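To start, the structure itself, in structure tokens.
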Amino acid sequence: MTRNYWVERERSGIGKGRRGKGRRSDKSCAIWIYKKTSGNGSLCLYLGRRDFVDHVERVDPVDGVLKIDPSALNGRKVWVQLACAFRYGREDLDVIGVSFRKDIWIKRIQMYPVQGSKPPNTPMQDALLKKVGDQGHPFTFDIPVHLPCSVSLQPAPEDAGKPCGVDYEVKAYIANEEDEVDDKVDKKDTCRLIIRKIQYAPNELAAGPKTDINKQFITADKPIHMEASMEKELYYHGDSIPIKVKVNNETSKVVKKIKISIYQITDVLLYSSDKYDKCVLSEEFGDQINANSTFEKEYRVTPLLANNKEKRGLSLDGKLKDEDTNLASSTMLLPNVDKQMQGLVVSYKIKVTLMMGGGLLGSLTSSDINAELPLVLMSPKPAGEVSVLLYVK
């Protein structure tokens with residue numbers, strides 16, 4: 001079981017401690033420290049956070065401390081590893097020799113006996129070492145920018161075990177050799193914590209997309225023209241998304257209503273070339289556009305995971321245990337990055353549909369008109385703070 005501790009972090013204003021409801025008299029506020037101990041008690045893994053931000057051009061380093069009691073090692077060595085893996089099948093099938101987990105990237109550091117030089121300690125590591133004492137050993141991993149963010153696929157209600165998707169795990173273990181496989185390492189000689197690699201919305205936003213569609217019907221001399229546009233391309237999870245629709249109907253046909261849909265597209269690239277299109281929002285509006293008339297209106301829609309809980313295979317932002325999550329954020333990539341290493345690539349599109357009324361033959365002569373717009377869904381960057389660590393309680 002993961003145990004949570006807290007340290008004091010200095011802020012630019014008076015904060016509120018997470019353990020108490022009252023305000024503190026000093027300019028500080030508590031933050032969580034995550035701790036996991038091995039079954040035999042000889043290893044204890046500390047992390048100051050479990051979310052590490054991918055800034056596209058760089059990724060926050062994974063910094064932690066491992067407490068080691070050498071009395072229980074019996075001549076063996078201690079390693080800590082960070083692994084990025086892609087699970088694409090049910091966990092319970094692994095026990096019958098069928099593995100649906102593929103390691104995308106693994107990095108190991110020998111912690112005991114100590115080897116080589118190490119980078120300077122971060123403020124978080126210095127604070128943790130004050131608590132852990134002489135048995136504490138700091139470690140730092142640099143995650144490559146080309147690795148995927150944490151994403152999980154929503155399971156069906158009857159599915160058990162870990163969901164499919166991309167996850168990151170920090171694991172400390174005792175072994176004779178660095179690359180001993182898991183089935184040769186006793187579970188009591190290991191401790192592990194799941195972390196997340198996440199992306200936040202960039203500071204610079206692209207201009208809003210616009211699309212124009214001209215539809216010429218066989219039975220009409222003039223076309224019907226539709227323009228769909230948005231003020232910007234990027235919106236935060238939970239935001240209301242405004243979509244402007246302009247129509248110039250020069251035909252004798254009638255637009256019965258307007259439909260707006262949002263689709264999540266997930267490209268599964270690691271083990272196959274599958275693509276999944278999931279509709280995460282579909283709303284119809286009863287605005288009728290008569291023949292030989294113009295129309296202009298702004299619609300607002302909000303795609304939410306809460307309205308898609310029963311859709312199996314929907315991509316979600318990676319989550320830790322039972323924490324709330326949301327629809328997966330759009331994947332942001334550097335130019336020329338190998339998409340095969342991403343495992344899952346998530347994007348969104350908006351489809352605006354003019355639902356036409358039928359002619360003399362009813363629906364046989366009707367032809368809906370569709371326009372598509374790209375959409376980027378992401379989470380906003382958290383409010384800035386001064387991160388000077390003072391002490392561990």
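Residues in the structure tokens are numbered from 1 in each chain, the chains being A, B, ... in the order shown, and ligands are numbered from 1 in the order shown.
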
### Task
Find the residues around region 235-242 of chain A up to 9 Å (only C-alpha atoms counted), leave out those fewer than 6 positions away in its own chain, and share them as an NGL selection string.
:A and (201 or 229 or 298-304 or 326-327 or 329 or 375-380)

With C-alpha atoms retained, write the just-selected residues as a compact mmCIF listing (two decimals), in the first residue's frame.
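See again-v8.txt below for the written result:
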```txt
# COMPACT_ATOMS: atom_id res chain seq x y z
CA ALA A 201 -1.82 22.98 -23.21
CA SER A 229 -15.41 27.83 -37.93
CA GLU A 298 -23.18 29.89 -32.97
CA TYR A 299 -23.61 26.54 -31.21
CA ARG A 300 -21.94 25.46 -27.98
CA VAL A 301 -21.14 21.85 -27.13
CA THR A 302 -19.12 20.19 -24.35
CA PRO A 303 -17.66 16.68 -24.72
CA LEU A 304 -17.44 14.97 -21.31
CA ASN A 326 -11.05 12.71 -18.36
CA LEU A 327 -11.07 12.05 -22.06
CA SER A 329 -5.72 14.73 -24.21
CA LEU A 375 -10.05 19.98 -32.38
CA VAL A 376 -7.33 19.87 -29.72
CA LEU A 377 -8.44 18.92 -26.19
CA MET A 378 -5.95 19.36 -23.34
CA SER A 379 -5.63 20.30 -19.68
CA PRO A 380 -4.48 23.80 -18.64
```

### Query
Could you pull out the strand (DSSP E or B) residues of region 183-263 of chain A from DSSP and send them as a PyMOL selection string?
chain A and resi 190-198+200+207+210-215+224-229+232+234-236+241-249+255-263

### Query
Do you know which residues are at most 12 Å from Ala83 (chain A) counting only C-alpha atoms, after dropping those on the same chain fewer than 6 positions away, and could you put them as a PyMOL selection string?
chain A and resi 62+101-109+141-144+147-148+150+166-172+192-197

### From A:Met356, A:Leu43, A:Met124, A:Thr294, residue lying nearest Asp63 (chain A) [only C-alpha atoms]
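Looking at the shortest contact to Asp63 (chain A), the residue is A:Met124.
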
## Note on the structure
One residue among A:Asn249, A:Gln264, A:Asn121, A:Asn40 is nearest to Ile213 (chain A) when using only C-alpha atoms, and that residue is A:Asn249
